[in-house]
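What follows is a single structure, written as structure tokens, with notes after it.
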Amino acid sequence: MKRTAFALAVAVGILVSISTAKATEPYAFLTDVINSFQSVHLADERIKREVGDDLVTQMKGIIVFNGRIREATRFVKPHLSSTNKLIKDSATHYYFIYSSIIDNNDDVLGTLENTLNDLESAAAKQDTFMRKLSENAARTEELRRMLVDATVLTTYCLVDQRRKEDGKVKFLTITSDERGALTEKLLGVFGEQIRGGPKAGQFPLEGSASLLYEFLSGGWKSADAK
């Protein structure tokens, strides 16, 4: 907890210094991507606490969960109109994933509502009901796995393809201060578990955060490096 509070304080301090200068577009985009990750992370934590056996509790949990995912879409939506193709394409991937999860959960809510409205009929069709929910769960897992691919695409907008050293691409499109703020923000949301890159057994969201942290902490030179 102390480490998280310290990381957040450092990140806030860096963010203040960045705000006095003109932030790069890739930095603004990555900040919103991490904010969207945080919304999904909070949604996951909340729904764990809303788990219950009765349908009403389950429906409440899904509604609250969807609210957080809608928040995630709002973070990436402004970047859908970016003139930077890499940012636009990356934002489109995230927006599709988040929106599809919402649609899938709305379908689950519809199934649960129909069940509540006709419990007698639902009892006779329990196998159909369970199969439907299993299909929805599988679809959500498939969408979540797509987050890793979207994050890989995101790293491309951080690389300055036009600036080379010894004939090789070595520079990022963000400054050292921006880079530090992003890594601290990731640590503030996900903690030390994202250090060292993606690991076996990580869920897609944590894997995406780990991948992004590993990239930002790698051997690339910042845009303001000599």
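Labels used: A, B, ... for chains in the order of the structure tokens, numbers from 1 for residues in each chain, and numbers from 1 for ligands as shown.
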**Q.** Which of chain A fall in strand (DSSP E or B), as a ChimeraX atom specification
**A.** /A:159,164-165,168-169,171-172,221
Q: Determine, counting only C-alpha atoms, which protein, DNA and RNA residues have an atom within 12 Å of an atom of Glu165 of chain A; residues of the same chain fewer than 3 positions away are not included. Present the result as a list of chain:residue names.
A: A:Asp160, A:Gln161, A:Arg162, A:Lys168, A:Val169, A:Lys170, A:Phe171, A:Trp220, A:Lys221, A:Ala225, A:Lys226
Q.
I'd like the contact shell of Asn84 of chain A - 12 Å cut-off, only C-alpha atoms, skipping same-chain residues fewer than 6 positions apart - returned as a PyMOL selection string.
A. chain A and resi 24-26+29+90-91+154+156-158
Q) How far is it from atom CA of Asp118 of chain A to atom CA of Leu133 of chain A, in Å with one decimal? A) 16.8 Å
Which residues, written as a short mmCIF file (atom, residue, chain, number, x, y, z; two decimals) with N, CA and C atoms, in the first residue's frame, have at least one atom at most 12 Å from Ile63 of chain A, with only C-alpha atoms counted and residues fewer than 5 positions away on the same chain left out?
```
data_model
loop_
_atom_site.label_atom_id
_atom_site.label_comp_id
_atom_site.auth_asym_id
_atom_site.auth_seq_id
_atom_site.Cartn_x
_atom_site.Cartn_y
_atom_site.Cartn_z
N ALA A 43 -13.24 -2.74 -12.52
CA ALA A 43 -14.45 -3.52 -12.83
C ALA A 43 -14.27 -4.96 -12.38
N ARG A 46 -14.43 -5.14 -8.58
CA ARG A 46 -15.79 -4.92 -8.08
C ARG A 46 -16.67 -6.16 -8.27
N ILE A 47 -16.57 -6.77 -9.45
CA ILE A 47 -17.47 -7.90 -9.72
C ILE A 47 -17.12 -9.11 -8.85
N GLU A 50 -19.18 -8.77 -5.96
CA GLU A 50 -20.62 -8.84 -6.22
C GLU A 50 -21.09 -10.26 -6.53
N VAL A 56 -30.55 -11.80 -9.12
CA VAL A 56 -30.59 -10.35 -8.93
C VAL A 56 -29.21 -9.81 -8.59
N THR A 57 -28.50 -10.48 -7.70
CA THR A 57 -27.14 -10.06 -7.33
C THR A 57 -26.20 -10.15 -8.52
N GLN A 58 -26.35 -11.22 -9.31
CA GLN A 58 -25.52 -11.37 -10.50
C GLN A 58 -25.78 -10.25 -11.50
N ARG A 68 -18.15 0.41 -15.55
CA ARG A 68 -16.71 0.64 -15.57
C ARG A 68 -16.13 0.44 -16.97
N ILE A 69 -16.63 -0.54 -17.71
CA ILE A 69 -16.13 -0.79 -19.06
C ILE A 69 -16.54 0.36 -19.99
N ARG A 70 -17.72 0.91 -19.77
CA ARG A 70 -18.12 2.09 -20.55
C ARG A 70 -17.17 3.25 -20.27
N ILE A 102 -19.12 -5.06 -23.46
CA ILE A 102 -20.37 -4.47 -22.99
C ILE A 102 -21.57 -5.14 -23.66
N ASP A 103 -21.51 -5.29 -24.99
CA ASP A 103 -22.60 -5.93 -25.73
C ASP A 103 -22.82 -7.36 -25.25
N ASN A 104 -21.73 -8.06 -25.02
CA ASN A 104 -21.83 -9.44 -24.57
C ASN A 104 -22.48 -9.52 -23.19
N ASN A 105 -22.09 -8.61 -22.31
CA ASN A 105 -22.68 -8.58 -20.97
C ASN A 105 -24.15 -8.16 -21.00
N ASP A 106 -24.49 -7.26 -21.93
CA ASP A 106 -25.90 -6.89 -22.10
C ASP A 106 -26.72 -8.11 -22.52
N ASP A 107 -26.12 -8.96 -23.34
CA ASP A 107 -26.79 -10.19 -23.76
C ASP A 107 -27.01 -11.11 -22.56
N VAL A 108 -26.01 -11.18 -21.67
CA VAL A 108 -26.15 -11.98 -20.45
C VAL A 108 -27.27 -11.42 -19.59
N LEU A 109 -27.32 -10.09 -19.46
CA LEU A 109 -28.38 -9.47 -18.66
C LEU A 109 -29.76 -9.80 -19.23
N GLY A 110 -29.86 -9.81 -20.57
CA GLY A 110 -31.12 -10.16 -21.21
C GLY A 110 -31.54 -11.59 -20.89
N LEU A 112 -30.61 -13.36 -18.22
CA LEU A 112 -30.98 -13.43 -16.80
C LEU A 112 -32.36 -12.82 -16.55
#
```
Q: Could you give me the residues within segment 70-173 of chain A that DSSP places in helix (DSSP H, G or I), as an MDAnalysis selection string?
A: chainID A and resid 70:81 85:117 119:124 126:156
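Considering only C-alpha atoms, the residue among A:Ser134, A:Thr31, A:Thr140, A:Asn114 positioned nearest to Pro204 of chain A is A:Thr140.
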